[in-house]
Amino acid sequence: MQIAEDMQNMKSRHQEMVQELEENFQSASRENQERTVQTIRTHYQNKLNALKTILDLYQEKVEKKNSQWEESIKSLGRQKESLEEELRAERRRCSEEALQWQREKNKMLELFSTRLDLLHSHQASTLQELQMARQEVSKVQDMLKTPPHREQELEAFPTEAGDTIDHCNGSGQQTEGCSDRELPLEGAQARLEELKESLYKREREITELLDTEQTAIPPVTLAPPPCVVLLRAVIEKACHMYSEVSEARLLVDHMFKENSAALAHVRQKLDHMTEDDHNRKAEDNPNPECVDPDEYISNVLLLQQTLRDCEITQMALDSIRTGASPSISECDTATEMEISERGEGVKSVCQQLLMLQDQMKQLREENRQVIENYTSERIMRKKYYNMVENMKGKIRVFCRIRPMSWAETTQGGSIVVELLDDYSVSVVTPRGLREFQFDRVFRSDSSQEDVFQDSNRLIQSAIDGYNVCIFAYGQTGSGKTFTMVGDKDQKSPGIMPRSFNAIFDIIQENETKFECKVSAYMLELYNDRLQDLFVSGAEAQSRRVEIKRNRKGLVFPQGAETKEASSAGELFAMFQQACANRHITATKMNVESSRSHLIVGIMLESRNLTNGSVSFGKLSLVDLAGSERAAKTGAKDDQLKEANSINKSLSALGDVISALSLELPHIPYRNSKLTQIMQDSLGGNAKTLMVVNVSPSDCNLDETLTSLIYATRVKAITNNAQRNLESKEIAQLKEVILKLKSGQPVEDVEV
Ligand SMILES: Nc1ncnc2c1ncn2[C@@H]1O[C@H](COP(=O)(O)OP(=O)(O)OP(=O)(O)O)[C@@H](O)[C@H]1O
């Protein structure tokens, strides 16, 4: 009973306990639920707050970027406006300049036509004079009709119009020797002299008249034309823009690099975090003590945002660098969406940027065109200037730059002489860039044909009766012999052999109109001694050649052999024979260095078959020896003596050039045989062309500068080229005199 009672008590107690436990459990689970709800709420609240902060941050960034882009668009717009304004001003200036050029051209044309009219009127009066002279000559011819027994007396007549008549009409003692029987002839001679004198007087008058007309040409103003100023402004602007562009490019490159590094860093960090998270999930160990999930999520979100920012920046920078349109398709869908939602500003900025890039391209193209127009205008101006200088009688100067030699290349020399355009050459010196202007500049790859093309005109002048001289000047090894003679095998013949062909081509072309006689002498000036190259050995040593000038100022070598040539081949064979006798030695600077000055004189006597007039032209072709420094060429003994002689004669030539260019009253021609022989070509009555040869290498910078400075001085020298033309009558009289002198009978018809 007791046990049953105890059992009942225990059961009821247990029931109470179970009830109590149930109650407890229910209240605990309610509390737990509330706590969990609270935790979740707080968690989401935190998340929301983090998102808000990110959004604010992003908003702030976008606003900042937008304002930056707006600023740069504004500045680019300003730049574009100022460039457009400059372009308009440049266009205005260009058209003004073109107008000015047109006006100048018209003025010059007017001037030339007036001058031509004047020349025509003078020509008419000269023809009248000649008519009168012809009448006088026929009178003299009547007087000269002497009986046959007097023919031997006429032998004493002079041979050339240029010689002084010194027989019966000459000195007092000789007059005493003349008998009364000679009086009619004496009268005729006197009349002839009178007539000649009047003809010379007339010739002088005409020459003076022509000179006055020449000097009457108003000097061409050399003030820089507006286009020079314009180009300077354009170049300055271009330099400025170029430096700005390169600075900006550097900056963008720098930003791009920094951004790439930041992008890589953020990516790495994000990958690292995702990896950790995966690992933890795989281990099923959330490890709540170590990582706060809220903090983790907010960090991941922040990193993702930074990553997107970096990606957008990278894309924009890449577009700026390459000039390509930003490819949105490359971004993942999420980025694209975000860009479309939040990056509309960035897109529009990119579009504007592209537009600006297009405008910049257009402006650049327009600028290039302006510069191109200016350059062609500048070249034309130089061409016209050279034409005017040539008409004034100025010596023409060509500059030829030879290619780098093997020695210069192996020495590691750099190119410092370069062609700017067909008329200018620039030299890089330690004191900056120097520019020289010539009538033509030939680059290192110009052919012999190119050089000769521009010299060809002068050959025609020589045939027309002008005294023409073409000479090469420059330091040793600069290419003078190559230019004048050509290479050894004559695969690239130079000016001399080409001139021989040109002479005979012109003669052949005009054989129905003219009859031409060609003869030549060839000399070298070696160690200040003139040597006839047509003779060799002992005879050459014993032969004495002297420089003389005739009454017209034309230089000729007395004592030198003159050979006639009937074809270009014959003339070339004579030339080869002469070259074989020339002094050539190997030096350190040139394996075939000319140790003498070579002078080739070609006389061209052409008779006009229509009116019988005779013209006498002389074509002098000179290959000068090059100036050299003994230290550079390694000259010793005989070579040193040769070098001294070459340098001495070239320095005398330099003195003559300086005196002529400064228009000094005294020109020191007599200081050297070289200057004496070139007297009629420099400051004389020749049409002269100088080819200055230069090396392109910095190893020869000093010599190149000296040569170019001398060549510039030569350009300032004015010659007074005159045609050596005689009328049919004077030519006939000269012939008669020659015949009489050589004892040949003279027929009445000839007289
Ligand atoms: N325009 C050129 N093209 C190719 N080779 C050239 C040119 N000019 C010169 N040379 C070469 O350069 C070398 C020296 O030239 P060249 O003998 O004509 O010089 P130089 O001025 O006459 O010298 P020097 O005064 O010592 O006689 C030669 O081998 C020649 O063939």
# chains A, B, ... in the order shown; residues from 1 in each chain; ligands from 1
>>> residues_near_ligand(ligand="ligand 1", cutoff="6 Å", atoms="only C-alpha atoms and all ligand atoms", output="PyMOL selection string")
chain A and resi 402-403+444+475-482+487+590+592-594+625-626
>>> write_last_selection(atoms="C-alpha atoms", output="tab-separated table (two decimals), in the first residue's frame")
chain	number	residue	atom	x	y	z
A	402	ARG	CA	78.45	62.82	-101.32
A	403	PRO	CA	77.45	59.53	-99.62
A	444	SER	CA	73.98	61.89	-101.71
A	475	GLN	CA	88.08	69.52	-99.35
A	476	THR	CA	90.08	66.47	-100.35
A	477	GLY	CA	87.93	63.39	-100.89
A	478	SER	CA	84.68	65.34	-101.07
A	479	GLY	CA	83.83	64.15	-104.59
A	480	LYS	CA	85.16	66.86	-106.93
A	481	THR	CA	86.80	64.45	-109.38
A	482	PHE	CA	83.73	62.19	-109.21
A	487	ASP	CA	84.40	57.14	-111.67
A	590	ASN	CA	91.43	59.46	-100.67
A	592	GLU	CA	93.04	58.50	-105.69
A	593	SER	CA	93.73	62.01	-104.57
A	594	SER	CA	94.35	64.62	-107.28
A	625	ALA	CA	92.71	69.76	-106.02
A	626	GLY	CA	91.21	69.58	-102.54
>>> select_by_dssp(residues="region 396-570 of chain A", states="helix (DSSP H, G or I)", output="PyMOL selection string")
chain A and resi 406-410+448-453+456-463+480-484+495-509+537-542+568-570
>>> closest_residue(among="A:Gln38, A:Asn510, A:Ser447, A:Gln2", to="Leu609 (chain A)", atoms="only C-alpha atoms")
A:Asn510
>>> atom_distance(atom1="CA of Asn644 (chain A)", atom2="CA of Glu628 (chain A)")
8.8 Å
>>> residues_around(residues="region 419-429 of chain A", least_positions_apart="3", cutoff="8 Å", atoms="only C-alpha atoms", output="PyMOL selection string")
chain A and resi 379+382-383+416+432-443+701+705
>>> closest_residue(among="A:Cys516, A:Leu708, A:Met1, A:Cys310", to="Ser566 (chain A)", atoms="only C-alpha atoms")
A:Cys516
>>> residues_around(residues="Glu546 (chain A)", least_positions_apart="3", cutoff="8 Å", atoms="only C-alpha atoms", output="CSV table (one decimal) with C-alpha atoms, in the first residue's frame")
chain,number,residue,atom,x,y,z
A,530,LEU,CA,101.5,74.9,-115.4
A,557,PRO,CA,97.7,79.5,-122.0
A,558,GLN,CA,100.6,80.6,-124.2
A,559,GLY,CA,102.8,77.7,-125.1
>>> residues_around(residues="Asn685 (chain A)", least_positions_apart="4", cutoff="12 Å", atoms="only C-alpha atoms", output="list in words")
Thr207, Gly393, Lys394, Ile395, Gly465, Tyr466, Asn467, Val468, Cys469, Lys552, Gly553, Leu554, Val555, Gly617, Lys618, Met678, Gln679, Asp680, Ser681, Ile717, Thr718, Asn719, Asn720, Ala721, Gln722, Arg723 and Asn724 of chain A
>>> closest_residue(among="A:Val417, A:Ile40, A:Val518, A:Ile463", to="Pro293 (chain A)", atoms="only C-alpha atoms")
A:Ile40
>>> residues_around(residues="region 450-455 of chain A", least_positions_apart="4", cutoff="9 Å", atoms="only C-alpha atoms", output="short mmCIF file (atom, residue, chain, number, x, y, z; two decimals) with C-alpha atoms, in the first residue's frame")
data_model
loop_
_atom_site.label_atom_id
_atom_site.label_comp_id
_atom_site.auth_asym_id
_atom_site.auth_seq_id
_atom_site.Cartn_x
_atom_site.Cartn_y
_atom_site.Cartn_z
CA PHE A 398 75.47 74.08 -106.74
CA ARG A 400 76.58 68.28 -103.79
CA ARG A 440 70.62 73.77 -106.38
CA PHE A 442 72.05 67.58 -104.67
CA SER A 446 71.55 62.23 -106.79
CA ILE A 459 77.17 74.19 -122.91
CA ILE A 470 82.32 75.05 -114.54
CA THR A 483 81.55 65.18 -110.12
CA GLY A 494 80.96 63.22 -114.75
CA ILE A 495 80.41 66.73 -116.13
CA ARG A 498 79.05 64.51 -120.58
CA SER A 499 79.93 68.03 -121.84
CA LEU A 689 79.02 77.58 -112.25
#
>>> closest_residue(among="A:Ser75, A:Gln314, A:Asn367, A:Asn46", to="Ala264 (chain A)", atoms="only C-alpha atoms")
A:Gln314
>>> atom_distance(atom1="CA of Leu523 (chain A)", atom2="CA of Ile599 (chain A)")
5.1 Å
>>> residues_around(residues="Leu317 (chain A)", least_positions_apart="3", cutoff="7 Å", atoms="only C-alpha atoms", output="JSON, numbers by chain")
{"A": [252, 256, 313, 314, 320, 321]}
>>> write_last_selection(atoms="C-alpha atoms", output="short mmCIF file (atom, residue, chain, number, x, y, z; two decimals), in the first residue's frame")
data_model
loop_
_atom_site.label_atom_id
_atom_site.label_comp_id
_atom_site.auth_asym_id
_atom_site.auth_seq_id
_atom_site.Cartn_x
_atom_site.Cartn_y
_atom_site.Cartn_z
CA VAL A 252 47.91 59.02 -69.27
CA PHE A 256 47.14 53.61 -66.88
CA THR A 313 38.82 53.90 -65.34
CA GLN A 314 41.00 51.36 -67.16
CA ILE A 320 42.23 57.82 -74.52
CA ARG A 321 45.56 56.11 -75.20
#
>>> closest_residue(among="A:Arg457, A:Thr610, A:Met522, A:Asp318", to="Lys257 (chain A)", atoms="only C-alpha atoms")
A:Asp318
>>> select_by_dssp(residues="region 578-667 of chain A", states="strand (DSSP E)", output="PyMOL selection string")
chain A and resi 584-585+593-594+597-608+614-623
>>> atom_distance(atom1="CA of Val600 (chain A)", atom2="CA of Ser620 (chain A)")
5.6 Å
